[in-house]
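A.B. asks: data_4.cif is reproduced in full below (mmCIF, C-alpha atoms).
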```cif
data_start
#
loop_
_atom_site.label_atom_id
_atom_site.label_comp_id
_atom_site.auth_asym_id
_atom_site.auth_seq_id
_atom_site.Cartn_x
_atom_site.Cartn_y
_atom_site.Cartn_z
CA GLY A 1 -32.91 -12.92 25.81
CA ASN A 2 -30.57 -15.79 25.04
CA GLN A 3 -29.61 -16.33 21.45
CA SER A 4 -26.76 -17.49 19.28
CA ALA A 5 -24.55 -14.77 17.85
CA GLU A 6 -21.93 -14.70 15.15
CA ALA A 7 -18.97 -12.78 16.50
CA PHE A 8 -15.92 -11.51 14.63
CA ARG A 9 -12.47 -11.63 16.22
CA LEU A 10 -9.18 -10.57 14.69
CA GLY A 11 -6.41 -13.15 14.78
CA GLY A 12 -3.11 -11.73 13.54
CA LEU A 13 -3.86 -10.24 10.13
CA GLY A 14 -6.91 -12.40 9.50
CA GLY A 15 -10.37 -12.50 10.96
CA VAL A 16 -12.22 -15.36 12.58
CA VAL A 17 -16.01 -15.70 12.72
CA ILE A 18 -17.22 -17.73 15.68
CA ASN A 19 -20.68 -18.72 16.91
CA ARG A 20 -21.28 -18.31 20.62
CA GLU A 21 -24.27 -18.05 22.90
CA ALA A 22 -25.21 -14.43 23.53
CA GLU A 23 -27.52 -12.52 25.83
CA SER A 24 -29.08 -9.34 24.52
CA VAL A 25 -31.46 -6.74 25.94
CA GLY A 26 -32.14 -3.50 24.15
CA ALA A 27 -34.61 -0.76 23.45
CA GLY A 28 -34.94 2.10 21.02
CA LEU A 29 -37.01 5.26 21.07
CA GLU A 30 -37.69 7.94 18.47
CA ILE A 31 -39.70 11.09 19.14
CA GLN A 32 -40.60 13.58 16.42
CA SER A 33 -42.47 16.80 17.03
CA SER A 34 -43.47 19.95 15.15
CA PRO A 35 -44.53 22.25 18.01
CA ALA A 36 -44.73 25.38 15.82
CA PRO A 37 -44.91 26.13 12.09
CA GLY A 38 -41.54 25.40 10.49
CA LEU A 39 -40.03 23.91 13.67
CA GLU A 40 -39.03 20.25 13.72
CA LEU A 41 -37.60 18.40 16.71
CA ILE A 42 -36.27 14.85 16.57
CA LEU A 43 -34.85 12.82 19.44
CA THR A 44 -33.67 9.23 19.09
CA GLY A 45 -32.10 6.96 21.63
CA ALA A 46 -30.98 3.37 21.86
CA TYR A 47 -29.90 1.16 24.74
CA LEU A 48 -28.14 -2.17 24.22
CA ASP A 49 -26.85 -4.53 26.87
CA GLU A 50 -25.32 -7.48 25.10
CA THR A 51 -22.86 -10.17 26.15
CA VAL A 52 -21.19 -12.81 23.97
CA ASN A 53 -20.43 -15.87 26.10
CA ASP A 54 -17.39 -18.11 26.24
CA VAL A 55 -14.95 -16.30 23.93
CA SER A 56 -11.26 -17.30 23.98
CA LEU A 57 -8.45 -14.79 23.51
CA ARG A 58 -7.28 -16.70 20.45
CA ASN A 59 -7.73 -20.13 18.88
CA GLY A 60 -5.95 -22.76 20.97
CA SER A 61 -5.33 -20.38 23.88
CA PRO A 62 -4.51 -22.14 27.18
CA LEU A 63 -6.24 -19.30 29.05
CA PRO A 64 -9.89 -19.75 30.04
CA SER A 65 -12.65 -18.31 27.87
CA ARG A 66 -14.66 -15.35 29.15
CA ASP A 67 -17.81 -13.39 28.50
CA VAL A 68 -17.30 -10.19 26.48
CA LYS A 69 -19.15 -7.28 24.91
CA PRO A 70 -19.65 -7.49 21.13
CA THR A 71 -17.69 -5.21 18.83
CA TYR A 72 -19.01 -1.84 17.64
CA ALA A 73 -21.94 -2.03 20.07
CA PRO A 74 -22.12 1.00 22.38
CA GLU A 75 -24.48 0.59 25.30
CA VAL A 76 -26.10 4.02 24.84
CA GLN A 77 -26.58 6.16 21.73
CA VAL A 78 -28.58 9.41 21.58
CA THR A 79 -29.18 11.88 18.75
CA GLY A 80 -31.11 15.14 18.80
CA LEU A 81 -31.96 17.41 15.88
CA VAL A 82 -33.59 20.85 15.72
CA ARG A 83 -34.59 22.39 12.37
CA TYR A 84 -36.40 25.64 11.75
CA GLY A 85 -37.59 26.50 8.25
CA PHE A 86 -38.89 29.93 7.28
CA ASP A 87 -39.46 32.27 4.33
CA ALA A 88 -36.89 35.02 3.83
CA PHE A 89 -35.49 36.99 0.91
CA GLY A 90 -38.04 35.38 -1.42
CA ALA A 91 -36.79 31.88 -0.66
CA ASP A 92 -37.13 28.96 1.74
CA MET A 93 -34.45 29.15 4.43
CA ALA A 94 -33.65 26.74 7.23
CA VAL A 95 -31.29 26.55 10.16
CA GLN A 96 -30.47 23.19 11.66
CA ALA A 97 -28.37 21.79 14.47
CA ASP A 98 -27.84 18.24 15.64
CA VAL A 99 -25.91 16.52 18.38
CA SER A 100 -24.99 12.83 18.61
CA TYR A 101 -23.68 10.94 21.63
CA SER A 102 -22.21 7.45 21.66
CA ASP A 103 -21.08 5.48 24.67
CA GLU A 104 -17.68 3.77 24.59
CA TYR A 105 -17.33 0.48 22.69
CA TYR A 106 -14.76 -2.14 21.74
CA TYR A 107 -13.48 -2.76 18.24
CA ASN A 108 -12.04 -6.16 19.14
CA LEU A 109 -13.93 -9.06 20.64
CA ARG A 110 -11.18 -9.67 23.19
CA ASN A 111 -12.30 -6.45 24.97
CA PHE A 112 -8.84 -5.19 25.89
CA ASP A 113 -8.76 -1.56 27.07
CA ALA A 114 -6.33 -0.80 24.21
CA ASP A 115 -9.07 -1.89 21.77
CA LYS A 116 -11.76 0.47 23.06
CA PHE A 117 -13.06 3.71 21.58
CA ASP A 118 -14.02 6.35 24.13
CA ALA A 119 -17.48 7.88 24.41
CA TYR A 120 -17.97 10.97 22.27
CA THR A 121 -20.35 13.79 21.40
CA VAL A 122 -20.42 15.32 17.91
CA VAL A 123 -22.21 18.60 17.08
CA ASN A 124 -23.15 19.81 13.58
CA ALA A 125 -24.96 22.91 12.29
CA GLN A 126 -26.06 24.28 8.93
CA ILE A 127 -28.05 27.01 7.24
CA SER A 128 -29.66 26.57 3.84
CA TYR A 129 -31.24 28.79 1.20
CA GLU A 130 -33.53 27.29 -1.47
CA ARG A 131 -35.08 29.15 -4.39
CA ASN A 132 -36.27 28.15 -7.88
CA GLY A 133 -34.64 24.69 -7.71
CA TRP A 134 -31.33 26.02 -6.36
CA LEU A 135 -30.14 24.97 -2.90
CA ALA A 136 -27.17 26.59 -1.17
CA THR A 137 -25.94 25.22 2.16
CA LEU A 138 -23.33 26.49 4.59
CA ALA A 139 -22.42 23.79 7.12
CA ALA A 140 -20.15 23.30 10.11
CA ARG A 141 -19.43 19.67 10.93
CA ASN A 142 -17.94 18.28 14.13
CA ILE A 143 -17.95 21.75 15.68
CA THR A 144 -16.39 20.57 18.96
CA ASP A 145 -13.55 18.91 16.99
CA GLU A 146 -14.10 15.47 18.52
CA ARG A 147 -11.88 12.78 17.06
CA PRO A 148 -13.64 9.53 17.93
CA GLY A 149 -12.41 6.32 16.40
CA ILE A 150 -14.64 4.72 13.81
CA GLN A 151 -12.69 1.56 12.92
CA GLY A 152 -9.82 -0.27 14.55
CA PHE A 153 -7.63 -3.30 14.06
CA ASP A 154 -5.63 -4.96 16.84
CA LEU A 155 -2.26 -5.88 15.28
CA ALA A 156 -0.54 -6.75 18.57
CA THR A 157 0.63 -10.16 17.36
CA LEU A 158 2.18 -8.61 14.23
CA CYS A 159 3.72 -5.32 15.34
CA GLY A 160 2.55 -4.64 18.90
CA CYS A 161 0.35 -1.85 17.59
CA ASN A 162 -3.20 -0.96 16.62
CA GLU A 163 -4.38 0.52 13.33
CA VAL A 164 -7.19 3.01 13.92
CA SER A 165 -9.29 5.30 11.69
CA TYR A 166 -10.81 8.45 13.14
CA ARG A 167 -13.78 10.64 12.28
CA ALA A 168 -12.97 13.77 10.27
CA PRO A 169 -11.91 16.81 12.34
CA ARG A 170 -13.94 20.03 12.46
CA TYR A 171 -14.63 21.31 8.97
CA TYR A 172 -16.82 23.80 7.14
CA SER A 173 -18.43 23.38 3.77
CA VAL A 174 -20.39 25.34 1.20
CA SER A 175 -22.49 23.50 -1.35
CA ILE A 176 -24.67 24.61 -4.23
CA ARG A 177 -27.08 22.22 -5.89
CA ARG A 178 -29.53 22.65 -8.77
CA GLU A 179 -32.54 20.38 -9.18
CA PHE A 180 -34.25 20.14 -12.53
#
```
Let me see whether you can do it: turn the structure in this file into structure tokens.
C.D. replies:
Amino acid sequence: GNQSAEAFRLGGLGGVVINREAESVGAGLEIQSSPAPGLELILTGAYLDETVNDVSLRNGSPLPSRDVKPTYAPEVQVTGLVRYGFDAFGADMAVQADVSYSDEYYYNLRNFDADKFDAYTVVNAQISYERNGWLATLAARNITDERPGIQGFDLATLCGCNEVSYRAPRYYSVSIRREF
């Protein structure tokens, strides 16, 4: 429906918060299931179609305003998780895998193609061993070595460049934790 939205736009090295009319339609869904002993399945999804109206490229711009997508607002996001816990070697063990998908989105309210992060899919997996308050976990994160952007700044008016931070590359970890 129609609403007023606060929107953030970079202007040089500073930020500007503006209020504009916005139209937003969205839905979310979460499904959890345990179809067998020890097996957990989780699926979540979100859809967002949002438009911020009448946004200028910069304050005092002679160019006409236009309708844009808000920042950091992908249209579709989906996450799935599978976990199986079982008894083995006198302990509680579990294997788990998850996959997350995000549609493309802008990190600047001006919606230039140079200020857009591409869609991505990230896959993680882990195995854990828990006994007598000790928990050991072996994990693989970002298995497909996706490098999606997570934060960006449009510095075109300063240096003709963008400053972008990316998600960590593929990595493996081992952790040991004691609860008492």
A.B. asks: Identify all residues satisfying the PyMOL selection byres ((chain A and resi 101) around 10) in the given file; provide them as a VMD selection string.
C.D. replies: chain A and resid 45 76 to 80 99 to 100 102 to 104 119 to 123
A.B. asks: With distances taken over only C-alpha atoms, which residue among A:Arg131, A:Arg147, A:Arg178, A:Lys116 lies nearest Tyr166 in chain A?
C.D. replies: A:Arg147
A.B. asks: Care to translate the PyMOL selection byres ((chain A and resi 65) around 8) into actual residues of this file, as a list of chain:residue names?
C.D. replies: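 Evaluating the PyMOL selection byres ((chain A and resi 65) around 8) on this file yields A:Asp54, A:Val55, A:Ser56, A:Leu57, A:Leu63, A:Pro64, A:Arg66, A:Asp67.
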A.B. asks: Restricted to C-alpha atoms, what would the selected residues look like written as an mmCIF file, in the frame of the given file?
C.D. replies:
```cif
data_model
loop_
_atom_site.group_PDB
_atom_site.id
_atom_site.type_symbol
_atom_site.label_atom_id
_atom_site.label_comp_id
_atom_site.auth_asym_id
_atom_site.auth_seq_id
_atom_site.Cartn_x
_atom_site.Cartn_y
_atom_site.Cartn_z
ATOM 1 C CA ASP A 54 -17.390 -18.110 26.240
ATOM 2 C CA VAL A 55 -14.950 -16.300 23.930
ATOM 3 C CA SER A 56 -11.260 -17.300 23.980
ATOM 4 C CA LEU A 57 -8.450 -14.790 23.510
ATOM 5 C CA LEU A 63 -6.240 -19.300 29.050
ATOM 6 C CA PRO A 64 -9.890 -19.750 30.040
ATOM 7 C CA ARG A 66 -14.660 -15.350 29.150
ATOM 8 C CA ASP A 67 -17.810 -13.390 28.500
#
```
A.B. asks: Would you mind telling me which residue in A:Asn124, A:Glu146, A:Gly152, A:Thr137 lies nearest to Tyr106 in chain A when using all atoms listed in the file?
C.D. replies: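 With all atoms listed in the file as the atom set, the closest residue is A:Gly152.
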A.B. asks: Write out as a count of residues only each polymer residue whose atoms come within 9 Å of Ala136 in chain A, counting all atoms listed in the file; drop sequence neighbours fewer than 2 positions from it.
C.D. replies: 12
A.B. asks: What is the distance between CA of Ala139 in chain A and CA of Gly90 in chain A, in Å to one decimal?
C.D. replies: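 Straight-line distance from CA of Ala139 in chain A to CA of Gly90 in chain A works out to 21.2 Å.
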